[in-house]
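run31.cif follows (mmCIF, C-alpha atoms):
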```cif
data_data
loop_
_atom_site.label_atom_id
_atom_site.label_comp_id
_atom_site.auth_asym_id
_atom_site.auth_seq_id
_atom_site.Cartn_x
_atom_site.Cartn_y
_atom_site.Cartn_z
CA MET A 7 5.97 -68.64 -1.31
CA HIS A 8 6.56 -71.85 -3.27
CA PRO A 9 9.96 -73.42 -3.90
CA PRO A 10 11.06 -73.15 -7.53
CA ILE A 11 9.82 -75.77 -9.93
CA ALA A 12 12.48 -78.38 -10.56
CA PRO A 13 13.84 -78.10 -14.12
CA LEU A 14 12.30 -80.36 -16.73
CA SER A 15 13.72 -81.34 -20.06
CA HIS A 16 10.71 -79.83 -21.84
CA PRO A 17 10.02 -76.16 -22.71
CA SER A 18 6.99 -74.67 -20.96
CA PRO A 19 4.66 -72.36 -22.91
CA PRO A 20 3.13 -69.27 -21.29
CA ALA A 21 -0.19 -69.74 -19.58
CA GLY A 22 -2.44 -67.60 -21.78
CA ARG A 23 -6.20 -67.76 -21.39
CA TRP A 24 -7.97 -70.95 -20.44
CA PRO A 25 -8.94 -72.75 -23.69
CA ALA A 26 -12.52 -73.81 -23.03
CA PRO A 27 -13.33 -77.26 -24.46
CA ALA A 28 -15.95 -77.40 -27.20
CA LEU A 29 -18.47 -79.18 -24.96
CA VAL A 30 -18.18 -76.52 -22.26
CA THR A 31 -18.50 -73.69 -24.81
CA ALA A 32 -21.56 -75.34 -26.33
CA SER A 33 -23.06 -75.86 -22.87
CA ILE A 34 -22.68 -72.18 -22.02
CA GLY A 35 -24.35 -71.26 -25.29
CA LEU A 36 -27.17 -73.72 -24.68
CA HIS A 37 -27.85 -72.24 -21.24
CA ALA A 38 -28.00 -68.75 -22.72
CA VAL A 39 -30.38 -69.85 -25.47
CA ALA A 40 -32.55 -71.75 -22.96
CA ALA A 41 -32.76 -68.71 -20.67
CA GLY A 42 -33.69 -66.48 -23.59
CA THR A 43 -36.29 -68.96 -24.81
CA ALA A 44 -37.90 -69.24 -21.39
CA LEU A 45 -38.05 -65.45 -21.10
CA LEU A 46 -39.29 -64.61 -24.59
CA LEU A 47 -41.29 -67.74 -25.41
CA PRO A 48 -42.62 -69.04 -22.10
CA GLU A 49 -44.72 -71.68 -23.87
CA LEU A 50 -41.42 -73.37 -24.84
CA ALA A 51 -39.89 -73.14 -21.37
CA GLY A 52 -40.44 -76.86 -20.76
CA TRP A 53 -38.46 -77.78 -23.86
CA ALA A 54 -35.72 -75.35 -22.88
CA LEU A 55 -35.52 -76.89 -19.41
CA ALA A 56 -35.41 -80.38 -20.92
CA GLY A 57 -32.51 -79.33 -23.13
CA VAL A 58 -30.60 -77.98 -20.15
CA ALA A 59 -31.27 -81.17 -18.16
CA LEU A 60 -30.00 -83.30 -21.06
CA ASN A 61 -26.88 -81.14 -21.31
CA HIS A 62 -26.21 -81.57 -17.58
CA GLY A 63 -26.51 -85.32 -18.06
CA VAL A 64 -23.89 -85.22 -20.81
CA LEU A 65 -21.56 -83.13 -18.63
CA ALA A 66 -22.02 -85.52 -15.71
CA ALA A 67 -21.29 -88.54 -17.93
CA ALA A 68 -18.12 -86.87 -19.19
CA GLY A 69 -17.00 -86.30 -15.60
CA LEU A 70 -17.72 -89.92 -14.65
CA TRP A 71 -15.57 -91.24 -17.52
CA PRO A 72 -12.02 -91.08 -16.11
CA SER A 73 -10.22 -90.94 -19.48
CA SER A 74 -12.60 -88.49 -21.13
CA THR A 75 -11.15 -85.34 -22.70
CA LEU A 76 -14.56 -83.68 -23.18
CA LEU A 77 -14.05 -81.44 -20.13
CA GLY A 78 -10.43 -80.55 -20.89
CA PRO A 79 -7.01 -82.11 -21.50
CA ASN A 80 -6.58 -85.47 -19.80
CA LEU A 81 -3.48 -87.61 -20.19
CA SER A 82 -4.30 -91.32 -20.26
CA ARG A 83 -1.11 -92.29 -22.11
CA LEU A 84 2.37 -90.83 -22.09
CA PRO A 85 3.27 -88.32 -24.82
CA GLU A 86 4.61 -89.54 -28.15
CA ALA A 87 8.24 -88.80 -27.27
CA ALA A 88 8.02 -91.12 -24.24
CA ARG A 89 6.34 -93.81 -26.31
CA ARG A 90 9.20 -93.68 -28.80
CA ARG A 91 11.56 -94.27 -25.86
CA GLN A 92 9.56 -97.41 -24.98
CA ALA A 93 8.64 -95.85 -21.65
CA PHE A 94 5.76 -96.58 -19.33
CA ALA A 95 4.73 -94.88 -16.08
CA LEU A 96 4.07 -96.71 -12.84
CA THR A 97 1.78 -94.55 -10.71
CA LEU A 98 0.72 -95.20 -7.12
CA ASP A 99 -2.20 -93.40 -5.50
CA ASP A 100 -3.58 -92.54 -2.07
CA GLY A 101 -0.38 -92.69 -0.01
CA PRO A 102 1.80 -92.36 1.79
CA ASP A 103 1.01 -95.30 4.02
CA PRO A 104 3.50 -95.83 6.89
CA GLU A 105 3.30 -99.62 6.57
CA VAL A 106 2.97 -100.24 2.83
CA THR A 107 4.91 -97.36 1.24
CA PRO A 108 8.34 -98.16 2.79
CA ALA A 109 8.06 -101.73 1.49
CA VAL A 110 7.14 -100.39 -1.95
CA LEU A 111 10.15 -98.06 -1.93
CA ASP A 112 12.48 -100.92 -1.03
CA LEU A 113 11.02 -103.15 -3.73
CA LEU A 114 11.35 -100.41 -6.37
CA ALA A 115 14.94 -99.75 -5.30
CA ALA A 116 15.76 -103.44 -5.68
CA GLU A 117 14.22 -103.41 -9.17
CA GLY A 118 15.90 -100.12 -10.16
CA VAL A 119 12.53 -98.58 -11.03
CA ARG A 120 11.33 -95.02 -10.44
CA ALA A 121 7.62 -94.39 -9.97
CA THR A 122 5.21 -91.51 -9.58
CA PHE A 123 3.34 -91.22 -6.28
CA PHE A 124 0.07 -89.28 -6.38
CA CYS A 125 -0.05 -88.33 -2.71
CA ILE A 126 -2.98 -87.16 -0.64
CA ALA A 127 -1.63 -83.99 0.97
CA GLU A 128 -3.22 -84.68 4.37
CA ARG A 129 -1.40 -88.01 4.48
CA ALA A 130 1.81 -86.36 3.31
CA GLN A 131 1.55 -83.88 6.20
CA ALA A 132 1.22 -86.80 8.62
CA HIS A 133 4.28 -88.60 7.18
CA PRO A 134 6.58 -85.94 5.70
CA ALA A 135 9.79 -87.95 6.13
CA LEU A 136 8.31 -90.74 4.02
CA VAL A 137 7.42 -88.29 1.25
CA ARG A 138 10.91 -86.81 1.31
CA GLU A 139 12.29 -90.33 1.04
CA MET A 140 10.25 -90.83 -2.13
CA VAL A 141 11.91 -87.82 -3.73
CA GLY A 142 15.33 -88.74 -2.32
CA ARG A 143 15.08 -92.12 -4.04
CA GLY A 144 14.35 -90.50 -7.39
CA HIS A 145 10.57 -90.86 -7.48
CA SER A 146 8.12 -88.14 -8.43
CA VAL A 147 5.48 -86.81 -6.03
CA GLN A 148 2.34 -85.37 -7.61
CA ASN A 149 -0.98 -83.89 -6.48
CA HIS A 150 -3.89 -86.20 -5.61
CA SER A 151 -5.86 -83.47 -3.81
CA HIS A 152 -5.58 -82.30 -0.24
CA GLY A 153 -8.14 -84.54 1.42
CA HIS A 154 -9.32 -87.02 -1.25
CA ARG A 155 -12.93 -86.09 -0.55
CA HIS A 156 -15.53 -88.45 -1.99
CA HIS A 157 -17.57 -85.45 -3.13
CA PHE A 158 -14.65 -83.79 -4.96
CA ALA A 159 -16.51 -84.01 -8.29
CA CYS A 160 -19.40 -82.02 -6.76
CA LEU A 161 -17.29 -79.04 -5.65
CA GLY A 162 -17.61 -75.57 -7.16
CA PRO A 163 -14.73 -73.63 -8.71
CA ALA A 164 -13.65 -71.83 -5.52
CA ALA A 165 -13.60 -75.03 -3.47
CA ILE A 166 -11.67 -76.89 -6.18
CA ALA A 167 -9.14 -74.07 -6.37
CA ARG A 168 -8.62 -74.21 -2.59
CA GLU A 169 -8.25 -78.01 -2.61
CA LEU A 170 -5.65 -77.87 -5.38
CA ARG A 171 -3.72 -75.00 -3.86
CA ARG A 172 -3.63 -76.48 -0.36
CA ALA A 173 -2.21 -79.71 -1.76
CA GLN A 174 0.31 -77.81 -3.90
CA ASP A 175 1.45 -75.84 -0.86
CA VAL A 176 1.82 -78.92 1.34
CA LEU A 177 3.64 -81.08 -1.20
CA ALA A 178 5.95 -78.29 -2.36
CA ASP A 179 6.82 -77.43 1.22
CA ILE A 180 7.69 -81.06 2.05
CA THR A 181 9.58 -81.96 -1.13
CA GLY A 182 10.88 -78.63 -2.44
CA VAL A 183 9.31 -79.48 -5.80
CA LEU A 184 6.03 -78.03 -7.05
CA PRO A 185 3.82 -80.76 -8.54
CA HIS A 186 2.88 -80.30 -12.19
CA CYS A 187 0.41 -83.21 -12.52
CA PHE A 188 -2.93 -83.86 -10.83
CA ARG A 189 -5.09 -86.96 -10.56
CA ALA A 190 -8.68 -86.47 -9.44
CA PRO A 191 -9.96 -88.65 -6.58
CA ALA A 192 -11.36 -91.81 -8.22
CA GLY A 193 -10.79 -90.05 -11.56
CA LEU A 194 -14.10 -88.17 -11.18
CA ARG A 195 -14.44 -84.46 -11.96
CA ASN A 196 -16.74 -81.74 -13.24
CA PRO A 197 -16.52 -78.83 -15.73
CA PHE A 198 -15.07 -76.51 -13.05
CA LEU A 199 -11.85 -78.51 -12.67
CA ASP A 200 -9.91 -77.74 -15.83
CA PRO A 201 -9.96 -73.92 -15.48
CA GLN A 202 -8.46 -74.31 -11.99
CA LEU A 203 -5.85 -76.79 -13.24
CA HIS A 204 -4.92 -74.33 -15.98
CA ASP A 205 -4.57 -71.47 -13.49
CA GLN A 206 -2.22 -73.57 -11.33
CA GLY A 207 -0.23 -75.07 -14.20
CA LEU A 208 -1.38 -78.63 -13.54
CA THR A 209 -1.93 -81.39 -16.09
CA LEU A 210 -4.75 -83.85 -15.44
CA VAL A 211 -3.44 -87.43 -15.59
CA SER A 212 -5.68 -90.50 -15.59
CA TRP A 213 -4.41 -93.93 -16.64
CA THR A 214 -4.24 -96.43 -19.48
CA ARG A 215 -5.08 -99.41 -17.29
CA ARG A 216 -5.68 -100.01 -13.60
CA GLY A 217 -5.47 -103.06 -11.39
CA PHE A 218 -8.41 -102.36 -9.04
CA ASP A 219 -6.05 -103.38 -6.25
CA THR A 220 -8.11 -101.56 -3.62
CA ARG A 221 -11.01 -103.92 -4.29
CA ASP A 222 -9.66 -107.23 -5.57
CA ASP A 223 -7.72 -109.49 -3.20
CA HIS A 224 -6.57 -111.84 -6.02
CA PRO A 225 -3.12 -110.70 -7.26
CA ALA A 226 -3.41 -112.75 -10.48
CA ARG A 227 -6.52 -110.85 -11.55
CA VAL A 228 -4.94 -107.51 -10.67
CA LEU A 229 -1.84 -108.40 -12.67
CA ALA A 230 -3.90 -109.52 -15.66
CA ARG A 231 -5.74 -106.19 -15.82
CA LEU A 232 -2.46 -104.29 -15.81
CA THR A 233 -0.66 -106.41 -18.40
CA ASP A 234 -3.40 -107.12 -20.93
CA SER A 235 -2.13 -105.48 -24.18
CA LEU A 236 0.67 -103.82 -22.22
CA GLY A 237 2.64 -101.40 -24.38
CA ALA A 238 4.82 -98.31 -24.63
CA GLY A 239 3.20 -95.18 -23.24
CA ASP A 240 0.99 -96.99 -20.77
CA ILE A 241 0.22 -95.27 -17.47
CA LEU A 242 -0.40 -98.00 -14.91
CA LEU A 243 -2.41 -97.36 -11.74
CA LEU A 244 -1.88 -99.11 -8.41
CA HIS A 245 -2.31 -97.94 -4.79
CA ASP A 246 0.08 -97.76 -1.86
CA GLY A 247 -2.72 -96.19 0.17
CA HIS A 248 -6.01 -98.01 0.83
CA ALA A 249 -4.21 -101.18 -0.27
CA ARG A 250 -6.35 -104.32 -0.34
CA ARG A 251 -4.80 -107.37 1.28
CA THR A 252 -4.70 -110.94 0.12
CA ARG A 253 -6.36 -113.67 2.17
CA SER A 254 -2.98 -114.32 3.78
CA GLY A 255 -2.75 -110.68 4.89
CA LEU A 256 -0.19 -109.32 2.38
CA PRO A 257 -0.91 -106.07 0.52
CA VAL A 258 -1.94 -107.06 -3.01
CA LEU A 259 0.35 -104.36 -4.39
CA LEU A 260 3.47 -105.99 -2.96
CA VAL A 261 2.56 -109.34 -4.49
CA VAL A 262 1.76 -107.86 -7.90
CA LEU A 263 4.67 -105.44 -8.33
CA PRO A 264 7.55 -107.89 -8.92
CA ALA A 265 5.59 -109.82 -11.55
CA LEU A 266 4.37 -106.60 -13.18
CA LEU A 267 7.85 -105.16 -13.47
CA ALA A 268 9.14 -108.46 -14.88
CA ARG A 269 6.41 -108.36 -17.56
CA CYS A 270 7.36 -104.78 -18.43
CA ARG A 271 11.02 -105.72 -18.81
CA ALA A 272 10.11 -108.70 -20.97
CA ALA A 273 8.11 -106.36 -23.21
CA GLY A 274 11.18 -104.13 -23.65
CA LEU A 275 9.69 -101.28 -21.59
CA HIS A 276 11.35 -99.07 -19.00
CA ALA A 277 9.75 -96.90 -16.32
CA GLU A 278 9.83 -93.11 -16.38
CA THR A 279 8.31 -90.75 -13.84
CA LEU A 280 5.73 -88.22 -14.95
CA ARG A 281 8.23 -85.49 -14.14
CA GLU A 282 10.51 -87.00 -16.78
CA ALA A 283 7.86 -87.86 -19.35
CA VAL A 284 5.21 -85.12 -19.16
CA PRO A 285 5.94 -81.50 -20.12
CA LEU A 286 4.77 -78.63 -17.96
CA ARG A 287 1.33 -77.44 -19.01
CA HIS A 288 2.73 -73.93 -18.76
CA ALA A 289 4.94 -71.89 -16.49
CA VAL A 290 2.96 -70.76 -13.45
CA GLY A 291 2.93 -67.02 -12.96
CA GLN A 292 3.57 -66.07 -16.58
CA PRO A 293 1.03 -63.78 -18.21
#
```
Show me the file's structure as structure tokens.
Amino acid sequence: MHPPIAPLSHPSPPAGRWPAPALVTASIGLHAVAAGTALLLPELAGWALAGVALNHGVLAAAGLWPSSTLLGPNLSRLPEAARRRQAFALTLDDGPDPEVTPAVLDLLAAEGVRATFFCIAERAQAHPALVREMVGRGHSVQNHSHGHRHHFACLGPAAIARELRRAQDVLADITGVLPHCFRAPAGLRNPFLDPQLHDQGLTLVSWTRRGFDTRDDHPARVLARLTDSLGAGDILLLHDGHARRTRSGLPVLLVVLPALLARCRAAGLHAETLREAVPLRHAVGQP
């Protein structure tokens, strides 16, 4: 049994039925028409198959585009109310890391900034005290899958549901707070994801801009990607897990963060966690 969801300052609507996106509805219809065509007009079966293949290509492209909303709701910027408050969200993926994350927590404490950590549940299980420290310091812990599998976007609905639920169970057990946001591994997904997110009351969150700090060992380039056209409502993506290091051996994240937060302050922005800024998709368990 899960701990209760921590109160948010936003009302949560009832779950209702999953609202299928227009692309998914059209794809289902296309498959039905193609099957009927192949059965009743076998001479057109090749055209029907070509139409289905083209549709699968469109679905795959939508899943490979991290900020796409074609497969369902996907938050790449904070809601309007948070933008009016001149808020931005600092999000950190792939942790916790026993070496990097404590240094990040200390740096954020010194700056008076609260962030959102999208944790891999397997890593959270290995370092539960570190995850509890995140929450104890006022940060938000959200769902970044159980195992961060590279083939996550290839999973079927049952496997996705298990991956989400296992991560929810682990993170809620450690923190006492049920996550209400999810970020897909590498931002990649398929049409089966959104129905499972809906069932578990999770909102898909991508990002406005990312630093590519797991690949680039030049802090100046990482910082430039994050601050180009920086504005209210931005969701910024960095990584405390899988952190790339500079040529001198320092995690790029720790070099970039002070300068990034200084730029945000200079722009008149303040950090809010996703728990503060993003309403519940709906109340889990309601009809």
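Going from atom CA of A:Ala230 over to atom CA of A:Pro108, you cover 24.9 Å.
Comparing the minimum interatomic distances between A:Ala249 and each of A:Ala167, A:Leu161, A:Leu98, A:Ala173, counting only C-alpha atoms, we find that A:Leu98 sits nearest.
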9 Å contact set for stretch 209-223 of chain A, all atoms listed in the file, chain neighbours under 3 positions out, as a PyMOL selection string = chain A and resi 72-73+78-83+97+186-190+193+200+203-204+227-234+236+239-245+247-253+257-259+284-287
Spatial neighbours of stretch 87-95 of chain A, max dist 7 Å, only C-alpha atoms, sep filter under 3 positions, as number ranges by chain | A: 84, 121, 238-242, 275-280, 283
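The spacing separating atom CA of A:Trp53 from atom CA of A:Gly35 amounts to 15.6 Å.
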